[in-house]
Structure formats: C-alpha cells, structure tokens
file input11.cif (mmCIF, C-alpha atoms, pLDDT in the B column; chains and numbers go by the auth columns)
data_start
#
loop_
_atom_site.group_PDB
_atom_site.id
_atom_site.type_symbol
_atom_site.label_atom_id
_atom_site.label_comp_id
_atom_site.label_asym_id
_atom_site.label_seq_id
_atom_site.Cartn_x
_atom_site.Cartn_y
_atom_site.Cartn_z
_atom_site.B_iso_or_equiv
_atom_site.auth_seq_id
_atom_site.auth_asym_id
ATOM 1 C CA MET A 1 42.829 91.069 -30.725 39.00 18 A
ATOM 2 C CA LEU A 2 40.413 88.564 -32.260 40.00 19 A
ATOM 3 C CA GLU A 3 42.833 87.970 -35.125 46.00 20 A
ATOM 4 C CA LEU A 4 45.710 87.278 -32.739 39.00 21 A
ATOM 5 C CA TYR A 5 43.509 84.874 -30.759 39.00 22 A
ATOM 6 C CA SER A 6 42.601 82.990 -33.923 44.00 23 A
ATOM 7 C CA ILE A 7 46.251 82.649 -34.958 41.00 24 A
ATOM 8 C CA ALA A 8 47.223 81.397 -31.506 41.00 25 A
ATOM 9 C CA ARG A 9 44.342 78.905 -31.479 41.00 26 A
ATOM 10 C CA ILE A 10 45.250 77.572 -34.921 39.00 27 A
ATOM 11 C CA GLN A 11 48.898 77.114 -33.914 42.00 28 A
ATOM 12 C CA CYS A 12 47.959 75.533 -30.594 41.00 29 A
ATOM 13 C CA PHE A 13 45.895 72.829 -32.290 40.00 30 A
ATOM 14 C CA GLY A 14 48.549 72.114 -34.896 45.00 31 A
ATOM 15 C CA TYR A 15 46.833 73.591 -37.933 42.00 32 A
ATOM 16 C CA ASP A 16 49.586 76.036 -38.876 47.00 33 A
ATOM 17 C CA ARG A 17 50.232 74.992 -42.468 49.00 34 A
ATOM 18 C CA THR A 18 53.475 76.964 -42.623 49.00 35 A
ATOM 19 C CA MET A 19 55.177 74.535 -40.198 50.00 36 A
ATOM 20 C CA LYS A 20 56.282 71.886 -42.694 66.00 37 A
ATOM 21 C CA GLU A 21 60.017 71.796 -42.020 75.00 38 A
ATOM 22 C CA GLY A 22 61.929 69.277 -39.942 75.00 39 A
ATOM 23 C CA PRO A 23 62.095 65.471 -39.774 82.00 40 A
ATOM 24 C CA ASN A 24 59.188 63.497 -41.201 85.00 41 A
ATOM 25 C CA ILE A 25 58.447 60.675 -38.774 86.00 42 A
ATOM 26 C CA ALA A 26 55.478 59.278 -40.707 90.00 43 A
ATOM 27 C CA PRO A 27 57.432 56.914 -43.040 90.00 44 A
ATOM 28 C CA ILE A 28 59.409 55.406 -40.140 91.00 45 A
ATOM 29 C CA ALA A 29 56.279 55.055 -38.028 90.00 46 A
ATOM 30 C CA ALA A 30 54.510 53.304 -40.919 92.00 47 A
ATOM 31 C CA LEU A 31 57.388 50.853 -41.327 93.00 48 A
ATOM 32 C CA ILE A 32 57.410 49.942 -37.628 93.00 49 A
ATOM 33 C CA GLY A 33 53.625 50.022 -37.266 90.00 50 A
ATOM 34 C CA ASP A 34 52.852 47.092 -39.554 93.00 51 A
ATOM 35 C CA PRO A 35 52.256 44.023 -37.291 91.00 52 A
ATOM 36 C CA ALA A 36 54.397 41.641 -39.361 94.00 53 A
ATOM 37 C CA ARG A 37 57.299 44.083 -39.575 95.00 54 A
ATOM 38 C CA ALA A 38 56.950 44.924 -35.874 92.00 55 A
ATOM 39 C CA ASN A 39 57.299 41.207 -35.047 91.00 56 A
ATOM 40 C CA MET A 40 60.383 40.958 -37.245 93.00 57 A
ATOM 41 C CA LEU A 41 62.019 43.959 -35.600 93.00 58 A
ATOM 42 C CA THR A 42 61.192 42.626 -32.147 87.00 59 A
ATOM 43 C CA ALA A 43 62.813 39.305 -33.067 87.00 60 A
ATOM 44 C CA LEU A 44 65.942 41.127 -34.248 89.00 61 A
ATOM 45 C CA MET A 45 66.143 42.840 -30.851 84.00 62 A
ATOM 46 C CA SER A 46 67.616 39.544 -29.660 78.00 63 A
ATOM 47 C CA GLY A 47 70.854 40.883 -31.142 77.00 64 A
ATOM 48 C CA LYS A 48 71.196 37.876 -33.433 79.00 65 A
ATOM 49 C CA ALA A 49 71.350 37.955 -37.212 85.00 66 A
ATOM 50 C CA LEU A 50 68.342 36.067 -38.601 90.00 67 A
ATOM 51 C CA THR A 51 67.436 34.762 -42.041 92.00 68 A
ATOM 52 C CA ALA A 52 64.323 35.658 -44.002 93.00 69 A
ATOM 53 C CA THR A 53 62.922 32.194 -43.276 93.00 70 A
ATOM 54 C CA GLU A 54 63.405 32.652 -39.534 91.00 71 A
ATOM 55 C CA LEU A 55 61.841 36.111 -39.642 94.00 72 A
ATOM 56 C CA ALA A 56 58.911 34.827 -41.693 93.00 73 A
ATOM 57 C CA GLY A 57 58.234 32.374 -38.860 90.00 74 A
ATOM 58 C CA GLU A 58 58.428 35.154 -36.280 88.00 75 A
ATOM 59 C CA ALA A 59 56.001 37.280 -38.285 90.00 76 A
ATOM 60 C CA GLY A 60 53.628 34.434 -39.185 90.00 77 A
ATOM 61 C CA VAL A 61 53.784 35.192 -42.910 92.00 78 A
ATOM 62 C CA THR A 62 55.007 33.407 -46.025 93.00 79 A
ATOM 63 C CA LEU A 63 58.621 33.702 -47.119 92.00 80 A
ATOM 64 C CA GLN A 64 57.576 35.756 -50.147 94.00 81 A
ATOM 65 C CA THR A 65 55.653 38.214 -47.973 95.00 82 A
ATOM 66 C CA ALA A 66 58.526 38.354 -45.483 94.00 83 A
ATOM 67 C CA SER A 67 60.975 39.197 -48.274 94.00 84 A
ATOM 68 C CA ALA A 68 58.796 42.129 -49.333 95.00 85 A
ATOM 69 C CA HIS A 69 58.634 43.407 -45.739 95.00 86 A
ATOM 70 C CA LEU A 70 62.386 43.028 -45.283 95.00 87 A
ATOM 71 C CA ALA A 71 63.051 44.973 -48.467 95.00 88 A
ATOM 72 C CA LYS A 72 60.980 47.864 -47.109 95.00 89 A
ATOM 73 C CA LEU A 73 62.739 47.778 -43.741 95.00 90 A
ATOM 74 C CA SER A 74 66.113 47.753 -45.471 94.00 91 A
ATOM 75 C CA GLN A 75 65.202 50.643 -47.766 94.00 92 A
ATOM 76 C CA GLY A 76 63.954 52.558 -44.733 93.00 93 A
ATOM 77 C CA GLY A 77 67.310 52.148 -42.995 94.00 94 A
ATOM 78 C CA LEU A 78 65.973 50.085 -40.086 95.00 95 A
ATOM 79 C CA ILE A 79 67.766 46.818 -40.868 95.00 96 A
ATOM 80 C CA THR A 80 71.004 45.753 -42.550 93.00 97 A
ATOM 81 C CA VAL A 81 71.487 42.781 -44.871 92.00 98 A
ATOM 82 C CA ARG A 82 74.621 40.666 -44.418 87.00 99 A
ATOM 83 C CA PRO A 83 75.254 38.100 -47.184 84.00 100 A
ATOM 84 C CA GLN A 84 77.165 35.007 -46.091 80.00 101 A
ATOM 85 C CA GLY A 85 77.578 32.243 -48.626 77.00 102 A
ATOM 86 C CA ARG A 86 74.216 31.360 -50.093 81.00 103 A
ATOM 87 C CA HIS A 87 72.330 32.946 -47.218 82.00 104 A
ATOM 88 C CA LYS A 88 71.386 36.483 -46.264 88.00 105 A
ATOM 89 C CA TYR A 89 71.178 37.518 -42.647 91.00 106 A
ATOM 90 C CA PHE A 90 69.324 40.521 -41.294 94.00 107 A
ATOM 91 C CA THR A 91 70.220 42.647 -38.271 91.00 108 A
ATOM 92 C CA ILE A 92 69.135 45.931 -36.692 91.00 109 A
ATOM 93 C CA ALA A 93 70.885 48.649 -38.704 91.00 110 A
ATOM 94 C CA THR A 94 72.227 50.895 -35.924 87.00 111 A
ATOM 95 C CA ASP A 95 72.261 51.434 -32.180 80.00 112 A
ATOM 96 C CA GLN A 96 69.941 54.402 -32.750 84.00 113 A
ATOM 97 C CA VAL A 97 67.335 52.101 -34.333 90.00 114 A
ATOM 98 C CA ALA A 98 67.675 49.660 -31.424 84.00 115 A
ATOM 99 C CA GLU A 99 67.304 52.465 -28.892 79.00 116 A
ATOM 100 C CA THR A 100 64.149 53.686 -30.646 87.00 117 A
ATOM 101 C CA LEU A 101 62.665 50.185 -30.598 87.00 118 A
ATOM 102 C CA GLU A 102 63.580 49.772 -26.926 79.00 119 A
ATOM 103 C CA ALA A 103 61.780 53.018 -26.144 79.00 120 A
ATOM 104 C CA LEU A 104 58.708 51.894 -28.085 85.00 121 A
ATOM 105 C CA MET A 105 58.710 48.525 -26.296 79.00 122 A
ATOM 106 C CA GLY A 106 58.834 50.317 -22.952 72.00 123 A
ATOM 107 C CA LEU A 107 56.041 52.676 -24.017 78.00 124 A
ATOM 108 C CA ALA A 108 53.911 49.739 -25.187 76.00 125 A
ATOM 109 C CA ALA A 109 54.451 47.863 -21.927 67.00 126 A
ATOM 110 C CA GLY A 110 53.686 50.950 -19.859 64.00 127 A
ATOM 111 C CA SER A 111 50.460 51.457 -21.827 66.00 128 A
ATOM 112 C CA GLY A 112 49.372 47.861 -21.263 65.00 129 A
ATOM 113 C CA HIS A 113 50.030 46.670 -24.828 61.00 130 A
ATOM 114 C CA LEU A 114 51.638 43.301 -24.104 59.00 131 A
ATOM 115 C CA ARG A 115 51.622 40.085 -26.067 59.00 132 A
ATOM 116 C CA THR A 116 50.848 37.036 -23.949 53.00 133 A
ATOM 117 C CA ARG A 117 53.105 34.030 -24.307 51.00 134 A
ATOM 118 C CA THR A 118 52.662 31.064 -22.009 41.00 135 A
ATOM 119 C CA GLY A 119 55.210 28.357 -21.374 43.00 136 A
ATOM 120 C CA PRO A 120 58.262 27.456 -19.301 42.00 137 A
ATOM 121 C CA LYS A 121 60.408 30.251 -20.717 58.00 138 A
ATOM 122 C CA ASP A 122 58.304 32.979 -19.127 71.00 139 A
ATOM 123 C CA ALA A 123 59.987 32.883 -15.713 83.00 140 A
ATOM 124 C CA ALA A 124 63.455 32.585 -17.258 87.00 141 A
ATOM 125 C CA MET A 125 62.791 35.524 -19.597 84.00 142 A
ATOM 126 C CA LYS A 126 61.639 37.633 -16.668 86.00 143 A
ATOM 127 C CA THR A 127 64.722 36.720 -14.632 93.00 144 A
ATOM 128 C CA ALA A 128 67.398 37.522 -17.210 94.00 145 A
ATOM 129 C CA ARG A 129 67.332 38.066 -20.958 92.00 146 A
ATOM 130 C CA VAL A 130 69.037 39.974 -23.741 90.00 147 A
ATOM 131 C CA CYS A 131 67.652 43.361 -24.738 87.00 148 A
ATOM 132 C CA TYR A 132 69.449 43.980 -28.049 84.00 149 A
ATOM 133 C CA ASP A 133 72.997 43.642 -26.633 91.00 150 A
ATOM 134 C CA HIS A 134 72.701 44.178 -22.885 94.00 151 A
ATOM 135 C CA LEU A 135 71.270 42.458 -19.810 95.00 152 A
ATOM 136 C CA ALA A 136 67.573 42.945 -19.020 92.00 153 A
ATOM 137 C CA GLY A 137 65.016 41.419 -16.686 91.00 154 A
ATOM 138 C CA ASP A 138 65.357 41.114 -12.919 93.00 155 A
ATOM 139 C CA MET A 139 69.135 40.640 -13.142 96.00 156 A
ATOM 140 C CA GLY A 140 69.534 43.687 -15.389 96.00 157 A
ATOM 141 C CA ILE A 141 67.537 45.839 -12.993 95.00 158 A
ATOM 142 C CA ALA A 142 69.546 44.490 -10.043 96.00 159 A
ATOM 143 C CA LEU A 143 72.779 45.397 -11.846 98.00 160 A
ATOM 144 C CA TYR A 144 71.577 48.963 -12.420 97.00 161 A
ATOM 145 C CA ASP A 145 70.260 49.438 -8.871 96.00 162 A
ATOM 146 C CA ARG A 146 73.383 47.966 -7.256 97.00 163 A
ATOM 147 C CA MET A 147 75.754 50.129 -9.293 98.00 164 A
ATOM 148 C CA ILE A 148 73.834 53.191 -8.136 97.00 165 A
ATOM 149 C CA ALA A 149 73.796 52.003 -4.506 96.00 166 A
ATOM 150 C CA GLN A 150 77.572 51.406 -4.593 96.00 167 A
ATOM 151 C CA GLY A 151 78.184 54.876 -6.003 97.00 168 A
ATOM 152 C CA TRP A 152 79.367 53.529 -9.357 97.00 169 A
ATOM 153 C CA LEU A 153 76.577 55.241 -11.275 97.00 170 A
ATOM 154 C CA GLN A 154 74.720 58.490 -10.821 96.00 171 A
ATOM 155 C CA ASP A 155 71.085 57.908 -11.747 92.00 172 A
ATOM 156 C CA HIS A 156 69.519 59.780 -14.648 89.00 173 A
ATOM 157 C CA PRO A 157 66.266 59.087 -16.543 81.00 174 A
ATOM 158 C CA GLU A 158 68.133 58.776 -19.849 83.00 175 A
ATOM 159 C CA PHE A 159 71.918 58.929 -19.521 91.00 176 A
ATOM 160 C CA PRO A 160 73.269 57.810 -16.113 95.00 177 A
ATOM 161 C CA VAL A 161 76.825 58.903 -15.330 97.00 178 A
ATOM 162 C CA LEU A 162 79.661 56.482 -14.595 97.00 179 A
ATOM 163 C CA THR A 163 81.565 57.819 -11.572 97.00 180 A
ATOM 164 C CA ASP A 164 85.327 57.655 -11.074 97.00 181 A
ATOM 165 C CA LEU A 165 84.751 54.989 -8.417 97.00 182 A
ATOM 166 C CA GLY A 166 82.656 52.975 -10.853 97.00 183 A
ATOM 167 C CA ALA A 167 85.196 53.323 -13.647 97.00 184 A
ATOM 168 C CA GLN A 168 88.022 52.128 -11.389 97.00 185 A
ATOM 169 C CA SER A 169 85.979 49.230 -10.007 97.00 186 A
ATOM 170 C CA LEU A 170 85.045 48.035 -13.495 97.00 187 A
ATOM 171 C CA GLN A 171 88.632 48.502 -14.682 96.00 188 A
ATOM 172 C CA ASP A 172 89.721 46.239 -11.815 96.00 189 A
ATOM 173 C CA MET A 173 87.303 43.594 -13.150 95.00 190 A
ATOM 174 C CA GLY A 174 89.093 43.668 -16.482 95.00 191 A
ATOM 175 C CA LEU A 175 86.813 45.973 -18.477 96.00 192 A
ATOM 176 C CA ASP A 176 88.590 48.425 -20.789 96.00 193 A
ATOM 177 C CA VAL A 177 86.738 51.541 -19.667 95.00 194 A
ATOM 178 C CA ALA A 178 88.981 53.866 -21.682 95.00 195 A
ATOM 179 C CA LYS A 179 87.977 52.028 -24.862 95.00 196 A
ATOM 180 C CA LEU A 180 84.308 52.511 -23.995 95.00 197 A
ATOM 181 C CA TYR A 181 84.829 56.254 -23.546 94.00 198 A
ATOM 182 C CA ALA A 182 86.634 56.457 -26.897 94.00 199 A
ATOM 183 C CA ALA A 183 83.729 54.839 -28.774 91.00 200 A
ATOM 184 C CA LYS A 184 81.054 56.937 -30.483 85.00 201 A
ATOM 185 C CA ARG A 185 78.301 55.121 -28.611 89.00 202 A
ATOM 186 C CA PRO A 186 77.124 56.572 -25.268 91.00 203 A
ATOM 187 C CA ILE A 187 78.877 54.684 -22.479 95.00 204 A
ATOM 188 C CA CYS A 188 75.768 54.575 -20.271 96.00 205 A
ATOM 189 C CA ARG A 189 72.102 54.730 -21.111 91.00 206 A
ATOM 190 C CA ALA A 190 69.027 53.889 -19.061 91.00 207 A
ATOM 191 C CA CYS A 191 66.666 51.503 -20.865 87.00 208 A
ATOM 192 C CA LEU A 192 63.126 50.957 -19.572 81.00 209 A
ATOM 193 C CA ASP A 193 62.634 47.257 -18.854 82.00 210 A
ATOM 194 C CA TRP A 194 59.285 46.181 -20.308 73.00 211 A
ATOM 195 C CA SER A 195 58.694 43.369 -17.805 73.00 212 A
ATOM 196 C CA GLU A 196 59.274 45.483 -14.684 76.00 213 A
ATOM 197 C CA ARG A 197 58.942 49.025 -16.098 74.00 214 A
ATOM 198 C CA ARG A 198 62.125 50.058 -14.337 85.00 215 A
ATOM 199 C CA SER A 199 65.533 50.953 -15.742 89.00 216 A
ATOM 200 C CA HIS A 200 68.316 48.587 -16.677 93.00 217 A
ATOM 201 C CA LEU A 201 71.744 49.534 -18.048 96.00 218 A
ATOM 202 C CA ALA A 202 72.222 49.889 -21.798 93.00 219 A
ATOM 203 C CA GLY A 203 74.870 51.673 -23.863 93.00 220 A
ATOM 204 C CA GLY A 204 78.465 50.600 -24.342 95.00 221 A
ATOM 205 C CA LEU A 205 78.926 49.692 -20.692 97.00 222 A
ATOM 206 C CA GLY A 206 75.764 47.582 -20.578 97.00 223 A
ATOM 207 C CA HIS A 207 77.009 45.635 -23.591 96.00 224 A
ATOM 208 C CA ALA A 208 80.500 45.208 -22.125 97.00 225 A
ATOM 209 C CA ILE A 209 79.159 43.872 -18.817 98.00 226 A
ATOM 210 C CA LEU A 210 76.943 41.326 -20.565 97.00 227 A
ATOM 211 C CA GLU A 211 79.915 40.184 -22.654 97.00 228 A
ATOM 212 C CA MET A 212 81.965 39.821 -19.449 98.00 229 A
ATOM 213 C CA ILE A 213 79.214 37.740 -17.839 98.00 230 A
ATOM 214 C CA LEU A 214 79.113 35.353 -20.802 97.00 231 A
ATOM 215 C CA GLN A 215 82.895 35.175 -21.239 97.00 232 A
ATOM 216 C CA ASN A 216 83.357 34.385 -17.539 97.00 233 A
ATOM 217 C CA ASN A 217 80.757 31.594 -17.891 97.00 234 A
ATOM 218 C CA TRP A 218 78.602 33.078 -15.155 98.00 235 A
ATOM 219 C CA ALA A 219 75.706 32.515 -17.517 97.00 236 A
ATOM 220 C CA LYS A 220 74.946 30.977 -20.895 96.00 237 A
ATOM 221 C CA ARG A 221 72.551 31.895 -23.645 92.00 238 A
ATOM 222 C CA PRO A 222 70.526 28.905 -24.914 87.00 239 A
ATOM 223 C CA LYS A 223 70.345 28.537 -28.684 81.00 240 A
ATOM 224 C CA ASP A 224 67.524 30.466 -30.392 74.00 241 A
ATOM 225 C CA SER A 225 66.572 32.203 -27.138 81.00 242 A
ATOM 226 C CA ARG A 226 66.869 35.618 -25.552 85.00 243 A
ATOM 227 C CA VAL A 227 67.211 34.018 -22.109 91.00 244 A
ATOM 228 C CA ILE A 228 70.434 34.520 -20.144 95.00 245 A
ATOM 229 C CA ALA A 229 70.665 31.472 -17.868 95.00 246 A
ATOM 230 C CA PHE A 230 72.842 32.037 -14.792 97.00 247 A
ATOM 231 C CA SER A 231 74.356 29.039 -13.043 97.00 248 A
ATOM 232 C CA ASN A 232 74.395 28.953 -9.243 96.00 249 A
ATOM 233 C CA THR A 233 78.122 29.698 -9.196 97.00 250 A
ATOM 234 C CA GLY A 234 77.624 32.380 -11.820 97.00 251 A
ATOM 235 C CA ARG A 235 74.926 34.037 -9.761 96.00 252 A
ATOM 236 C CA ALA A 236 77.259 33.996 -6.751 97.00 253 A
ATOM 237 C CA ALA A 237 80.037 35.539 -8.845 97.00 254 A
ATOM 238 C CA PHE A 238 77.616 38.225 -10.072 98.00 255 A
ATOM 239 C CA ASP A 239 76.590 39.018 -6.480 97.00 256 A
ATOM 240 C CA THR A 240 80.245 39.291 -5.476 97.00 257 A
ATOM 241 C CA ALA A 241 81.152 41.556 -8.386 97.00 258 A
ATOM 242 C CA PHE A 242 78.037 43.702 -8.017 97.00 259 A
ATOM 243 C CA PRO A 243 77.115 43.421 -4.331 95.00 260 A
ATOM 244 C CA ALA A 244 73.671 44.274 -3.051 92.00 261 A
ATOM 245 C CA PRO A 245 73.536 47.115 -0.513 86.00 262 A
ATOM 246 C CA ASN A 246 73.542 46.050 3.125 77.00 263 A
#
call {"tool": "encode", "arguments": {"input": "input11.cif", "output": "structure tokens"}}
result
Amino acid sequence: MLELYSIARIQCFGYDRTMKEGPNIAPIAALIGDPARANMLTALMSGKALTATELAGEAGVTLQTASAHLAKLSQGGLITVRPQGRHKYFTIATDQVAETLEALMGLAAGSGHLRTRTGPKDAAMKTARVCYDHLAGDMGIALYDRMIAQGWLQDHPEFPVLTDLGAQSLQDMGLDVAKLYAAKRPICRACLDWSERRSHLAGGLGHAILEMILQNNWAKRPKDSRVIAFSNTGRAAFDTAFPAPN
C-alpha cells in the first residue's frame, strides 16, 4: 500500500521520469518568451508583412540583433520570410501560430500583464482594430454578440457554430459561404479580445467579414496602424447589416 501511495504521489507531482513522450513545448515557449521576439511577433499580429528594420524598431533592438532573432523565429517555424526585390518581408507562418499568439495575448491580458501605451490612438484601438486578420475591439465584440442575438451563430467558448440562418444571411450580403466551408481553416472561432476580455469572431468567417467591411468602404485602415476607422456612414451600414437586438 505504501509503495502504491508513493508511485501515485510521484506521478501526481510530475516526477514520473518515464513520461517523456509527446510534444516538447519548451523550445517554442523559449522562442516566444524572449521580450524582443515577443514584441516582433505582436507587431506581426497586425497581419502585415514587415521588414527586419521595422521589426527592429518594434523590438527596440539593433538591426543586427533583430536579424538574429528573426532567424531563430524562422527556424522555429513561427514566421515566414518572403523575399521581394532587394527586401525581405516577415509574416506569421500559419493560422495555428496566430491562434496560439492570440490565446497568449488573451491570457496575458486576463492575468493583468498589459503594456501601457498613451496617446490618441488608444481610444481608436479600443473601438476597432485588426487582430491578425479579423475585426477586434468594441466593434468586433458587437459583431459577435449581434450574430448570436440574431440566431446567426451558436455560442461556444472555442468554436461557435454558423447556423443555416446565418449562412443564408451572409450569403445574401455577398459572402461566399460555401468557399469558407471548403477551406481547411475553421470557419468560425472565438478569439478572446484582450481589451475587453470577451469574445470576438475569428476564423475564416471573421476574416471574410473584415474584408467585406474594408471593400465596402465602411471603414479604412490607416497606414502603419492596426486601427480600423469606421466612417459615420460605414458605422450605419454595419448596424444595418448586423443589427443590434431590440
């Protein structure tokens, strides 16, 4: 009995040396955990391709140091390098990487680990911004909540479900819903918004709706910014397309 208790206690506290199989998260965690690399990855969550010089500025390091960090991130599979002419541009490697970073950003915000940035962009960033490739901020949360209230989405902590009513309504707006279903990427995913700590819509549908908003000129994205700036007419069009519950 004492021997069985000892084995159980060892396993409970994680000291079972036989359990060495499975994914090794330590290398990935080390890559993300460095402050300079974390700043670079956060900057790339804007969805834009950035140069080493731009990322060095985001990280507050020299270009030489930034190049070394970027090489490690590339070798680790977290970023992709895209040569274009004499320049090299860096982007987040995959949707899975972006989703992991989104989750970490939400966890950091929920734990009180926030970076303070003062200035006129604060209110605009809180209102509407890009989170990798979908709408976040107050407008992103409103979109998610309104789609649930209208019966277009069934809420779920991770993967909300697009209903038949929602699919038809979005199809009527001009979105190719069938194409979204055919893609490998999940059509709907709930992403924790770091500013409000509530869900906004990610996944293929979240991306498609943001693209529709920009293509319809309801909003514009200022250069070198994550802000999504809605015009008054664009906000009215958004409210018509995605009405608030009565």
call {"tool": "closest_residue", "arguments": {"input": "input11.cif", "among": "A:Ala85, A:Ala253, A:Ile226, A:Ile109", "to": "Asp193 (chain A)", "atoms": "all atoms listed in the file"}}
result
A:Ile226
call {"tool": "residues_around", "arguments": {"input": "input11.cif", "residues": "Gly183 (chain A)", "least_positions_apart": "3", "cutoff": "7 Å", "atoms": "all atoms listed in the file", "output": "VMD selection string"}}
result
chain A and resid 168 to 170 179 to 180 186 to 187
call {"tool": "atom_distance", "arguments": {"input": "input11.cif", "atom1": "CA of Gly93 (chain A)", "atom2": "CA of Gly50 (chain A)"}}
result
13.0 Å
call {"tool": "resolve_selection", "arguments": {"input": "input11.cif", "expression": "the PyMOL selection byres ((chain A and resi 51-62) around 8)", "output": "list in words"}}
result
Ala47, Leu48, Ile49, Gly50, Ser63, Gly64, Lys65, Ala66, Leu67, Leu72, Ala73, Glu75, Ala76, Gly77, Val78, His86, Leu87, Leu90, Phe107, Thr108, Ile109, Ala115, Leu118, Cys148 and Tyr149 of chain A
call {"tool": "residues_around", "arguments": {"input": "input11.cif", "residues": "Thr70 (chain A)", "least_positions_apart": "3", "cutoff": "8 Å", "atoms": "only C-alpha atoms", "output": "PyMOL selection string"}}
result
chain A and resi 73-74+80+83
call {"tool": "atom_distance", "arguments": {"input": "input11.cif", "atom1": "CA of Ile230 (chain A)", "atom2": "CA of Pro100 (chain A)"}}
result
29.6 Å
call {"tool": "atom_distance", "arguments": {"input": "input11.cif", "atom1": "CA of Ala125 (chain A)", "atom2": "CA of Leu218 (chain A)"}}
result
19.2 Å
call {"tool": "resolve_selection", "arguments": {"input": "input11.cif", "expression": "the PyMOL selection byres ((chain A and resi 205) around 9)", "output": "NGL selection string"}}
result
:A and (175-179 or 202-204 or 206-207 or 218-223)
call {"tool": "closest_residue", "arguments": {"input": "input11.cif", "among": "A:His173, A:Arg214, A:Gly154, A:Val147", "to": "Leu231 (chain A)", "atoms": "only C-alpha atoms"}}
result
A:Val147
call {"tool": "closest_residue", "arguments": {"input": "input11.cif", "among": "A:Asp172, A:Asp210, A:Asp181, A:Glu228", "to": "Ala153 (chain A)", "atoms": "only C-alpha atoms"}}
result
A:Asp210
call {"tool": "residues_around", "arguments": {"input": "input11.cif", "residues": "Leu160 (chain A)", "least_positions_apart": "2", "cutoff": "10 Å", "atoms": "only C-alpha atoms", "output": "short mmCIF file (atom, residue, chain, number, x, y, z; two decimals) with C-alpha atoms, in the frame of the given file"}}
result
data_model
loop_
_atom_site.label_atom_id
_atom_site.label_comp_id
_atom_site.auth_asym_id
_atom_site.auth_seq_id
_atom_site.Cartn_x
_atom_site.Cartn_y
_atom_site.Cartn_z
CA LEU A 152 71.27 42.46 -19.81
CA ALA A 153 67.57 42.94 -19.02
CA GLY A 154 65.02 41.42 -16.69
CA ASP A 155 65.36 41.11 -12.92
CA MET A 156 69.14 40.64 -13.14
CA GLY A 157 69.53 43.69 -15.39
CA ILE A 158 67.54 45.84 -12.99
CA ASP A 162 70.26 49.44 -8.87
CA ARG A 163 73.38 47.97 -7.26
CA MET A 164 75.75 50.13 -9.29
CA ILE A 165 73.83 53.19 -8.14
CA ALA A 166 73.80 52.00 -4.51
CA SER A 216 65.53 50.95 -15.74
CA HIS A 217 68.32 48.59 -16.68
CA LEU A 218 71.74 49.53 -18.05
CA GLY A 223 75.76 47.58 -20.58
CA ILE A 226 79.16 43.87 -18.82
CA PHE A 255 77.62 38.22 -10.07
CA ASP A 256 76.59 39.02 -6.48
CA ALA A 258 81.15 41.56 -8.39
CA PHE A 259 78.04 43.70 -8.02
CA PRO A 260 77.11 43.42 -4.33
CA ALA A 261 73.67 44.27 -3.05
#
call {"tool": "residues_around", "arguments": {"input": "input11.cif", "residues": "Ile245 (chain A)", "least_positions_apart": "6", "cutoff": "7 Å", "atoms": "all atoms listed in the file", "output": "list in words"}}
result
Ala145, Arg146, Val147, Ala236, Lys237 and Arg238 of chain A
call {"tool": "decode", "arguments": {"input": "input11.cif", "residues": "region 158-169 of chain A", "atoms": "N, CA, C and O atoms", "output": "short mmCIF file (atom, residue, chain, number, x, y, z; two decimals), in the first residue's frame"}}
result
data_model
loop_
_atom_site.label_atom_id
_atom_site.label_comp_id
_atom_site.auth_asym_id
_atom_site.auth_seq_id
_atom_site.Cartn_x
_atom_site.Cartn_y
_atom_site.Cartn_z
N ILE A 158 -16.48 42.78 -30.89
CA ILE A 158 -17.33 42.16 -29.88
C ILE A 158 -18.81 42.36 -30.23
O ILE A 158 -19.63 41.45 -30.09
N ALA A 159 -19.15 43.57 -30.70
CA ALA A 159 -20.53 43.84 -31.11
C ALA A 159 -20.96 42.91 -32.24
O ALA A 159 -22.08 42.38 -32.24
N LEU A 160 -20.06 42.71 -33.21
CA LEU A 160 -20.36 41.80 -34.32
C LEU A 160 -20.69 40.40 -33.79
O LEU A 160 -21.70 39.79 -34.18
N TYR A 161 -19.85 39.90 -32.91
CA TYR A 161 -20.03 38.55 -32.36
C TYR A 161 -21.35 38.47 -31.58
O TYR A 161 -22.15 37.55 -31.79
N ASP A 162 -21.58 39.42 -30.69
CA ASP A 162 -22.79 39.40 -29.86
C ASP A 162 -24.06 39.51 -30.70
O ASP A 162 -25.07 38.85 -30.43
N ARG A 163 -24.02 40.38 -31.72
CA ARG A 163 -25.21 40.58 -32.56
C ARG A 163 -25.52 39.36 -33.41
O ARG A 163 -26.69 39.01 -33.61
N MET A 164 -24.48 38.69 -33.90
CA MET A 164 -24.72 37.48 -34.70
C MET A 164 -25.34 36.38 -33.84
O MET A 164 -26.19 35.62 -34.32
N ILE A 165 -24.95 36.32 -32.58
CA ILE A 165 -25.57 35.35 -31.67
C ILE A 165 -27.01 35.75 -31.38
O ILE A 165 -27.92 34.91 -31.41
N ALA A 166 -27.24 37.04 -31.11
CA ALA A 166 -28.59 37.51 -30.79
C ALA A 166 -29.55 37.30 -31.96
O ALA A 166 -30.74 37.02 -31.75
N GLN A 167 -29.06 37.42 -33.19
CA GLN A 167 -29.90 37.25 -34.37
C GLN A 167 -30.08 35.77 -34.75
O GLN A 167 -30.81 35.46 -35.69
N GLY A 168 -29.42 34.89 -34.02
CA GLY A 168 -29.53 33.47 -34.34
C GLY A 168 -28.64 33.04 -35.48
O GLY A 168 -28.83 31.96 -36.06
N TRP A 169 -27.65 33.86 -35.82
CA TRP A 169 -26.73 33.52 -36.91
C TRP A 169 -25.60 32.64 -36.42
O TRP A 169 -25.00 31.89 -37.20
#
